[in-house]
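Enquirer: Pasting upload_9.txt here (compact mmCIF, C-alpha atoms and all ligand atoms):
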# COMPACT_ATOMS: atom_id res chain seq x y z
CA MET A 208 27.66 -27.21 -13.96
CA GLN A 209 27.72 -25.88 -17.50
CA GLN A 210 27.82 -22.09 -17.77
CA LYS A 211 24.71 -20.90 -19.58
CA ASN A 212 23.94 -17.62 -21.23
CA LYS A 213 22.99 -15.20 -18.41
CA TYR A 214 19.70 -14.36 -20.11
CA ASP A 215 18.69 -18.04 -19.93
CA GLN A 216 19.59 -18.26 -16.26
CA LEU A 217 17.00 -15.94 -14.76
CA ARG A 218 13.56 -17.39 -14.03
CA PHE A 219 10.52 -15.30 -13.15
CA VAL A 220 8.18 -17.20 -10.83
CA LEU A 221 4.73 -15.69 -10.20
CA VAL A 222 2.82 -17.11 -7.24
CA GLU A 223 -1.00 -17.25 -7.34
CA THR A 224 -1.37 -14.38 -9.76
CA SER A 225 -4.98 -13.17 -10.02
CA HIS A 226 -5.08 -11.01 -13.12
CA PRO A 227 -4.33 -12.53 -16.54
CA GLY A 228 -3.48 -9.01 -17.74
CA ASN A 229 -0.57 -8.93 -15.30
CA ILE A 230 0.66 -12.27 -16.63
CA GLY A 231 0.62 -10.90 -20.19
CA ALA A 232 2.36 -7.71 -19.11
CA ALA A 233 4.93 -9.82 -17.23
CA ALA A 234 5.67 -11.80 -20.41
CA ARG A 235 6.22 -8.54 -22.25
CA ALA A 236 8.48 -7.14 -19.54
CA ILE A 237 10.52 -10.35 -19.55
CA LYS A 238 10.91 -10.47 -23.32
CA THR A 239 11.72 -6.81 -23.84
CA MET A 240 14.68 -7.21 -21.49
CA GLY A 241 15.94 -10.34 -23.28
CA PHE A 242 14.80 -13.00 -20.79
CA GLY A 243 12.35 -15.83 -21.40
CA GLN A 244 11.61 -18.09 -18.43
CA LEU A 245 8.14 -17.57 -16.94
CA TYR A 246 6.65 -19.94 -14.34
CA LEU A 247 3.18 -19.59 -12.85
CA VAL A 248 2.41 -21.26 -9.55
CA ASN A 249 -1.35 -21.87 -9.18
CA PRO A 250 -2.65 -18.83 -11.07
CA ARG A 251 -6.25 -17.93 -10.19
CA PHE A 252 -7.42 -19.06 -13.65
CA GLU A 253 -6.20 -22.42 -14.93
CA ASP A 254 -6.41 -21.09 -18.48
CA ALA A 255 -4.71 -17.79 -17.55
CA LEU A 256 -2.26 -18.11 -20.46
CA GLN A 257 -5.10 -18.31 -22.97
CA GLN A 258 -7.22 -15.52 -21.50
CA PRO A 259 -7.80 -12.57 -23.87
CA GLU A 260 -6.32 -10.08 -21.38
CA ALA A 261 -3.11 -12.06 -21.05
CA ILE A 262 -2.76 -12.24 -24.82
CA ALA A 263 -3.55 -8.54 -25.29
CA PHE A 264 -1.08 -7.37 -22.63
CA ALA A 265 1.65 -9.72 -23.86
CA SER A 266 1.46 -8.06 -27.26
CA GLY A 267 4.51 -9.33 -29.20
CA ALA A 268 5.67 -11.56 -26.35
CA GLN A 269 3.23 -14.37 -27.17
CA ASP A 270 6.18 -16.81 -27.35
CA VAL A 271 6.97 -16.22 -23.67
CA LEU A 272 3.32 -17.02 -22.83
CA ASP A 273 3.42 -20.10 -25.06
CA ASN A 274 6.55 -21.38 -23.30
CA ALA A 275 5.39 -20.44 -19.78
CA LYS A 276 4.99 -23.33 -17.35
CA ILE A 277 2.08 -23.69 -14.95
CA VAL A 278 2.98 -25.69 -11.85
CA SER A 279 1.10 -26.54 -8.66
CA SER A 280 3.74 -25.69 -6.06
CA VAL A 281 6.56 -23.23 -5.56
CA LYS A 282 8.84 -26.22 -4.98
CA GLU A 283 8.16 -27.49 -8.48
CA ALA A 284 9.04 -24.12 -9.97
CA LEU A 285 12.35 -24.04 -8.07
CA ASN A 286 13.56 -27.65 -8.22
CA ASP A 287 16.43 -26.94 -10.60
CA CYS A 288 17.32 -23.49 -9.21
CA SER A 289 20.40 -22.88 -7.08
CA PHE A 290 19.67 -19.33 -5.96
CA VAL A 291 16.17 -18.23 -5.03
CA VAL A 292 15.15 -14.67 -4.32
CA ALA A 293 11.87 -13.49 -2.84
CA VAL A 294 10.72 -10.17 -4.31
CA SER A 295 8.66 -8.27 -1.79
CA ALA A 296 7.46 -4.78 -1.04
CA ARG A 297 7.39 -5.66 2.64
CA LEU A 298 10.44 -6.05 4.85
CA ARG A 299 9.95 -8.59 7.61
CA GLU A 300 11.43 -9.11 11.01
CA PHE A 301 12.30 -12.72 10.15
CA SER A 302 13.85 -12.60 6.72
CA PRO A 303 16.80 -13.70 4.60
CA PRO A 304 19.38 -10.99 3.77
CA VAL A 305 17.79 -8.00 2.03
CA LEU A 306 19.18 -6.66 -1.26
CA GLU A 307 18.22 -3.62 -3.29
CA ALA A 308 17.12 -4.46 -6.85
CA ARG A 309 20.41 -3.14 -8.25
CA GLU A 310 22.55 -5.03 -5.76
CA PHE A 311 20.76 -8.24 -6.65
CA ALA A 312 21.25 -7.57 -10.36
CA THR A 313 24.98 -6.88 -10.08
CA GLN A 314 25.55 -10.01 -8.01
CA PHE A 315 23.45 -12.10 -10.40
CA ALA A 316 25.32 -10.81 -13.45
CA ALA A 317 28.71 -11.34 -11.87
CA PHE A 318 28.34 -14.59 -10.00
CA ALA A 319 25.24 -16.67 -10.81
CA VAL A 320 26.20 -20.17 -11.83
CA GLY A 321 22.98 -22.16 -12.05
CA ASN A 322 19.39 -21.03 -12.51
CA THR A 323 18.39 -18.07 -10.37
CA ALA A 324 14.71 -17.54 -9.55
CA LEU A 325 12.91 -14.33 -8.70
CA VAL A 326 9.69 -15.16 -6.86
CA PHE A 327 6.84 -12.62 -7.00
CA GLY A 328 3.71 -12.61 -4.82
CA ASN A 329 0.03 -12.29 -5.49
CA GLU A 330 -1.42 -8.83 -6.27
CA ARG A 331 -3.36 -8.55 -3.05
CA TYR A 332 -1.48 -10.64 -0.48
CA GLY A 333 2.13 -10.57 -1.64
CA LEU A 334 4.31 -13.54 -0.66
CA PRO A 335 3.62 -15.73 2.38
CA ASN A 336 6.30 -15.82 5.09
CA GLU A 337 6.99 -19.56 4.59
CA ILE A 338 8.17 -18.85 1.05
CA VAL A 339 10.20 -15.79 2.02
CA THR A 340 12.09 -17.50 4.84
CA SER A 341 13.21 -20.38 2.63
CA CYS A 342 14.70 -18.03 0.01
CA ASN A 343 18.41 -17.13 -0.17
CA ALA A 344 17.72 -13.41 -0.29
CA LEU A 345 14.90 -10.88 -0.39
CA VAL A 346 14.85 -8.11 -2.97
CA ASN A 347 13.04 -4.92 -2.22
CA ILE A 348 12.52 -2.23 -4.86
CA SER A 349 13.16 1.11 -3.24
CA ALA A 350 9.93 3.15 -3.31
CA ASN A 351 7.90 5.81 -1.56
CA PRO A 352 7.67 4.63 2.07
CA ASN A 353 4.06 5.79 2.18
CA TYR A 354 3.09 3.94 -1.01
CA SER A 355 5.60 1.26 -1.85
CA SER A 356 3.59 -1.44 -3.58
CA LEU A 357 4.19 -1.51 -7.34
CA ASN A 358 1.95 -3.23 -9.85
CA LEU A 359 3.17 -6.83 -10.22
CA ALA A 360 4.21 -6.54 -13.88
CA GLN A 361 5.94 -3.23 -13.21
CA ALA A 362 7.94 -4.80 -10.38
CA ILE A 363 8.96 -7.53 -12.85
CA GLN A 364 9.95 -4.86 -15.38
CA VAL A 365 12.19 -3.10 -12.85
CA LEU A 366 14.01 -6.33 -11.92
CA ALA A 367 14.34 -7.44 -15.56
CA TYR A 368 15.73 -4.03 -16.53
CA GLU A 369 18.23 -3.98 -13.67
CA ALA A 370 19.35 -7.51 -14.52
CA ARG A 371 19.82 -6.53 -18.15
CA MET A 372 21.83 -3.42 -17.29
CA ALA A 373 24.01 -5.41 -14.91
CA ILE A 374 24.69 -8.13 -17.49
CA ARG A 375 25.83 -5.39 -19.90
CA THR A 376 28.17 -3.85 -17.35
CA SER A 377 31.72 -5.04 -16.89
CA VAL A 378 32.10 -7.27 -13.86
CA ASP A 379 35.88 -7.02 -13.37
CA ASP A 380 35.54 -4.58 -10.49
CA LEU A 381 32.94 -6.69 -8.74
CA LEU A 382 35.17 -9.62 -7.95
CA THR A 383 34.89 -9.15 -4.24
CA MET A 384 33.38 -11.42 -1.67
CA SER A 385 29.67 -11.89 -2.11
CA PRO A 386 27.18 -14.66 -1.28
CA MET A 387 27.15 -15.46 -5.00
CA SER A 388 30.93 -15.25 -5.50
CA LYS A 389 32.55 -18.20 -7.21
CA ILE A 390 36.17 -17.19 -6.64
CA GLY A 391 38.52 -19.81 -5.27
CA PHE A 392 37.57 -23.39 -4.51
CA SER A 393 33.97 -24.26 -5.23
CA GLY A 394 32.04 -27.42 -5.85
CA GLU A 395 28.79 -27.97 -7.70
CA LEU A 396 25.93 -26.00 -6.15
CA ALA A 397 23.11 -28.03 -4.63
CA SER A 398 19.68 -27.68 -6.22
CA ASN A 399 16.62 -26.61 -4.29
CA GLN A 400 15.30 -30.17 -4.48
CA GLN A 401 18.49 -31.59 -2.95
CA ILE A 402 18.39 -29.00 -0.18
CA ASP A 403 14.72 -29.77 0.59
CA GLY A 404 15.63 -33.45 0.89
CA MET A 405 18.39 -32.51 3.34
CA TYR A 406 15.97 -30.45 5.48
CA GLU A 407 13.52 -33.37 5.67
CA HIS A 408 16.30 -35.73 6.68
CA LEU A 409 17.70 -33.32 9.28
CA GLU A 410 14.26 -32.67 10.74
CA GLN A 411 13.63 -36.41 11.20
CA ALA A 412 17.01 -36.79 12.91
CA LEU A 413 16.37 -33.84 15.24
CA VAL A 414 13.01 -35.33 16.24
CA LYS A 415 14.70 -38.69 16.80
CA ILE A 416 17.28 -37.26 19.22
CA LYS A 417 14.49 -35.19 20.85
CA PHE A 418 16.10 -31.86 20.04
CA LEU A 419 12.99 -30.98 18.03
CA ASP A 420 9.58 -31.55 19.59
CA ALA A 421 7.24 -32.39 16.68
CA ASP A 422 4.24 -31.20 18.72
CA ASN A 423 5.90 -27.91 19.58
CA PRO A 424 8.45 -27.24 16.82
CA LYS A 425 8.67 -23.45 17.45
CA LYS A 426 10.91 -21.81 14.85
CA LEU A 427 13.73 -24.37 14.80
CA MET A 428 13.38 -25.54 11.19
CA PRO A 429 12.73 -22.05 9.74
CA ARG A 430 15.79 -20.82 11.68
CA LEU A 431 17.99 -23.62 10.39
CA LYS A 432 16.70 -23.07 6.85
CA ARG A 433 17.54 -19.40 7.13
CA LEU A 434 21.03 -20.25 8.36
CA PHE A 435 21.67 -22.65 5.47
CA ALA A 436 20.07 -20.32 2.93
CA ARG A 437 22.80 -17.78 3.64
CA THR A 438 25.54 -20.22 2.67
CA GLN A 439 24.97 -21.34 -0.96
CA LEU A 440 25.23 -25.07 -0.18
CA GLU A 441 27.20 -27.38 -2.44
CA VAL A 442 26.19 -30.97 -3.26
CA GLU A 443 29.03 -32.39 -1.13
CA GLU A 444 27.94 -30.33 1.86
CA VAL A 445 24.33 -31.49 1.51
CA ASN A 446 25.64 -35.06 1.49
CA ILE A 447 27.67 -34.43 4.66
CA ILE A 448 24.66 -33.05 6.55
CA ARG A 449 22.56 -36.01 5.37
CA GLY A 450 25.32 -38.36 6.51
CA ILE A 451 25.28 -36.75 9.97
CA ALA A 452 21.46 -37.03 10.08
CA LYS A 453 21.70 -40.72 9.15
CA LYS A 454 24.14 -41.45 11.98
CA MET A 455 21.96 -39.52 14.44
CA MET A 456 18.99 -41.69 13.49
CA GLU A 457 20.98 -44.90 13.97
CA LYS A 458 21.77 -44.02 17.60
N1 LIG B 1 -0.08 -6.01 -1.14
C1 LIG B 1 1.05 -6.82 -1.41
C2 LIG B 1 1.80 -6.27 -2.60
C3 LIG B 1 1.48 -7.02 -3.80
S1 LIG B 1 2.22 -6.34 -5.24
C4 LIG B 1 2.01 -6.81 -0.24
O1 LIG B 1 1.79 -6.08 0.70
O2 LIG B 1 2.97 -7.55 -0.24
C5 LIG B 1 2.58 -7.85 -6.09
C6 LIG B 1 4.02 -8.26 -6.06
O3 LIG B 1 4.81 -7.29 -6.75
C7 LIG B 1 4.65 -8.41 -4.71
O4 LIG B 1 4.36 -9.64 -4.09
C8 LIG B 1 6.12 -8.31 -5.07
O5 LIG B 1 6.60 -9.54 -5.59
C9 LIG B 1 6.11 -7.26 -6.17
N2 LIG B 1 6.35 -5.89 -5.65
C10 LIG B 1 5.52 -4.83 -5.65
N3 LIG B 1 6.11 -3.75 -5.12
C11 LIG B 1 7.37 -4.12 -4.77
C12 LIG B 1 8.48 -3.46 -4.16
N4 LIG B 1 8.45 -2.16 -3.80
N5 LIG B 1 9.61 -4.18 -3.97
C13 LIG B 1 9.68 -5.47 -4.30
N6 LIG B 1 8.65 -6.16 -4.87
C14 LIG B 1 7.52 -5.49 -5.11
Can the structure from this file be put into structure tokens for me?
Expert:
Amino acid sequence: MQQKNKYDQLRFVLVETSHPGNIGAAARAIKTMGFGQLYLVNPRFEDALQQPEAIAFASGAQDVLDNAKIVSSVKEALNDCSFVVAVSARLREFSPPVLEAREFATQFAAFAVGNTALVFGNERYGLPNEIVTSCNALVNISANPNYSSLNLAQAIQVLAYEARMAIRTSVDDLLTMSPMSKIGFSGELASNQQIDGMYEHLEQALVKIKFLDADNPKKLMPRLKRLFARTQLEVEEVNIIRGIAKKMMEK
């Protein structure tokens, strides 16, 4: 995979955002910190990017609004991403590894190879569990335990600022083991789309051998997804798992 400029590698994905003003303020936060990728998954208003409040809050970051992409599923926003991070005010019992905003930023700056996505929830409901459990990590911005929910655009500003500061910092002393470390042997990272294909294949195979009961699936697939999400799968590894699934289905 070709190494891109770090500022082009961070994508801000906003899920079901209600207020166009927040979208404008997000564009501004993203641009002031030197980033540019903004994706909106099913915003409440189809024309959110043209709404007067979005334009007013974006101020001089109109270009980020103009280049923003509106998509109809989280999957679509993440297809070409190799590391996906849920950003949430709420810690959950069933969750990928939790990172502080600064920890995420240092690891991103030091080790990210492909596109990395930060996924933000809706103003009122936050992020649904299904999205959180399929992410590689969860970032929580440390805040007052009695009042920890930041405004959406302000949460984006904090992450964008931390990512900028981390990119500016020397990374020589960070070359330790980390989920995002690329030291030693490494193959091409699998994309989210490739990994989703693997999950579908594996699920079919598990049903076929009656390990998974389609009528009573319990938490098997979410658990397996969580396990794989901790590993930073490579293309070759995805192919191996799919090969195993294929053989299982032939039996
Ligand atoms: N009421 C919602 C919060 C919505 S705030 C809830 O309980 O989840 C809108 C979004 O801003 C959140 O989905 C999250 O992406 C981000 N956010 C707000 N405060 C945050 C915090 N302390 N840490 C991480 N993300 C936060």
Enquirer: One number please: CA of Lys276 in chain A to atom C4 of ligand LIG 1 (chain B), in Å, one decimal.
Expert: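 Atom C4 of ligand LIG 1 (chain B) lies at a distance of 24.0 Å from CA of Lys276 in chain A.
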Enquirer: Around the point (16.5, -2.3, -19.1), in the coordinates given by the file, pick out the residues reaching within 12 Å, counting all atoms listed in the file, and return them as a list of chain:residue names.
Expert: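 The answer, in the requested form, is A:Ala236, A:Ile237, A:Lys238, A:Thr239, A:Met240, A:Gly241, A:Phe242, A:Arg309, A:Ala312, A:Ile363, A:Gln364, A:Val365, A:Leu366, A:Ala367, A:Tyr368, A:Glu369, A:Ala370, A:Arg371, A:Met372, A:Ala373, A:Ile374, A:Arg375, A:Thr376.
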Enquirer: Pick out the residues no farther than 10 Å from ligand LIG 1 (chain B), counting only C-alpha atoms and all ligand atoms, and list them as an MDAnalysis selection string.
Expert: chainID A and resid 220:224 229 293:298 307:308 325:335 345:352 354:363 365:366
Enquirer: Which neighbours of Gly394 in chain A fall inside 8 Å, counting only C-alpha atoms, when residues of the same chain fewer than 3 positions from it are skipped, and could you give them as a PyMOL selection string?
Expert: chain A and resi 441-443
Enquirer: Calculate how many Å separate CA of Phe418 in chain A from CA of Arg433 in chain A, rounding to one decimal.
Expert: 18.0 Å
Enquirer: With a distance cut-off of 12 Å and all atoms listed in the file, select the neighbouring residues of Asn446 in chain A, excluding the residue or stretch itself and same-chain residues fewer than 4 positions from it, and output the selection as a PDB file with C-alpha atoms, in the frame of the given file.
Expert:
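The resulting file, part27.pdb, is shown below:
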ATOM      1  CA  LEU A 396      25.930 -26.000  -6.150  1.00  0.00           C
ATOM      2  CA  ALA A 397      23.110 -28.030  -4.630  1.00  0.00           C
ATOM      3  CA  GLN A 401      18.490 -31.590  -2.950  1.00  0.00           C
ATOM      4  CA  ILE A 402      18.390 -29.000  -0.180  1.00  0.00           C
ATOM      5  CA  GLY A 404      15.630 -33.450   0.890  1.00  0.00           C
ATOM      6  CA  MET A 405      18.390 -32.510   3.340  1.00  0.00           C
ATOM      7  CA  TYR A 406      15.970 -30.450   5.480  1.00  0.00           C
ATOM      8  CA  HIS A 408      16.300 -35.730   6.680  1.00  0.00           C
ATOM      9  CA  LEU A 409      17.700 -33.320   9.280  1.00  0.00           C
ATOM     10  CA  LEU A 440      25.230 -25.070  -0.180  1.00  0.00           C
ATOM     11  CA  GLU A 441      27.200 -27.380  -2.440  1.00  0.00           C
ATOM     12  CA  VAL A 442      26.190 -30.970  -3.260  1.00  0.00           C
ATOM     13  CA  GLY A 450      25.320 -38.360   6.510  1.00  0.00           C
ATOM     14  CA  ILE A 451      25.280 -36.750   9.970  1.00  0.00           C
ATOM     15  CA  ALA A 452      21.460 -37.030  10.080  1.00  0.00           C
ATOM     16  CA  LYS A 453      21.700 -40.720   9.150  1.00  0.00           C
TER      17      LYS A 453
END
Enquirer: Excluding Asp215 in chain A and any residue of its chain fewer than 3 positions from it, enumerate the residues within 10 Å of it, using all atoms listed in the file, and give them as an NGL selection string.
Expert: :A and (211-212 or 218 or 241-244 or 321-323)
Enquirer: Which one is closest to Arg430 in chain A: A:Phe392, A:Phe318, A:Phe311, A:Phe301? Count only C-alpha atoms.
Expert: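 Of A:Phe392, A:Phe318, A:Phe311, A:Phe301, the one nearest Arg430 in chain A is A:Phe301, counting only C-alpha atoms.
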Enquirer: Between CA of Pro227 in chain A and CA of Ala255 in chain A, measure the distance and give it in Å to one decimal.
Expert: 5.4 Å
Enquirer: With a distance cut-off of 12 Å and only C-alpha atoms, select the neighbouring residues of Leu256 in chain A, excluding the residue or stretch itself and same-chain residues fewer than 3 positions from it, and output the selection as an mmCIF file with C-alpha atoms, in the frame of the given file.
Expert:
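Result written to out_28.cif:
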data_model
loop_
_atom_site.group_PDB
_atom_site.id
_atom_site.type_symbol
_atom_site.label_atom_id
_atom_site.label_comp_id
_atom_site.auth_asym_id
_atom_site.auth_seq_id
_atom_site.Cartn_x
_atom_site.Cartn_y
_atom_site.Cartn_z
ATOM 1 C CA THR A 224 -1.370 -14.380 -9.760
ATOM 2 C CA SER A 225 -4.980 -13.170 -10.020
ATOM 3 C CA HIS A 226 -5.080 -11.010 -13.120
ATOM 4 C CA PRO A 227 -4.330 -12.530 -16.540
ATOM 5 C CA GLY A 228 -3.480 -9.010 -17.740
ATOM 6 C CA ASN A 229 -0.570 -8.930 -15.300
ATOM 7 C CA ILE A 230 0.660 -12.270 -16.630
ATOM 8 C CA GLY A 231 0.620 -10.900 -20.190
ATOM 9 C CA ALA A 232 2.360 -7.710 -19.110
ATOM 10 C CA ALA A 233 4.930 -9.820 -17.230
ATOM 11 C CA ALA A 234 5.670 -11.800 -20.410
ATOM 12 C CA LEU A 245 8.140 -17.570 -16.940
ATOM 13 C CA TYR A 246 6.650 -19.940 -14.340
ATOM 14 C CA LEU A 247 3.180 -19.590 -12.850
ATOM 15 C CA ASN A 249 -1.350 -21.870 -9.180
ATOM 16 C CA PRO A 250 -2.650 -18.830 -11.070
ATOM 17 C CA ARG A 251 -6.250 -17.930 -10.190
ATOM 18 C CA PHE A 252 -7.420 -19.060 -13.650
ATOM 19 C CA GLU A 253 -6.200 -22.420 -14.930
ATOM 20 C CA PRO A 259 -7.800 -12.570 -23.870
ATOM 21 C CA GLU A 260 -6.320 -10.080 -21.380
ATOM 22 C CA ALA A 261 -3.110 -12.060 -21.050
ATOM 23 C CA ILE A 262 -2.760 -12.240 -24.820
ATOM 24 C CA ALA A 263 -3.550 -8.540 -25.290
ATOM 25 C CA PHE A 264 -1.080 -7.370 -22.630
ATOM 26 C CA ALA A 265 1.650 -9.720 -23.860
ATOM 27 C CA ALA A 268 5.670 -11.560 -26.350
ATOM 28 C CA GLN A 269 3.230 -14.370 -27.170
ATOM 29 C CA ASP A 270 6.180 -16.810 -27.350
ATOM 30 C CA VAL A 271 6.970 -16.220 -23.670
ATOM 31 C CA LEU A 272 3.320 -17.020 -22.830
ATOM 32 C CA ASP A 273 3.420 -20.100 -25.060
ATOM 33 C CA ASN A 274 6.550 -21.380 -23.300
ATOM 34 C CA ALA A 275 5.390 -20.440 -19.780
ATOM 35 C CA LYS A 276 4.990 -23.330 -17.350
ATOM 36 C CA ILE A 277 2.080 -23.690 -14.950
#
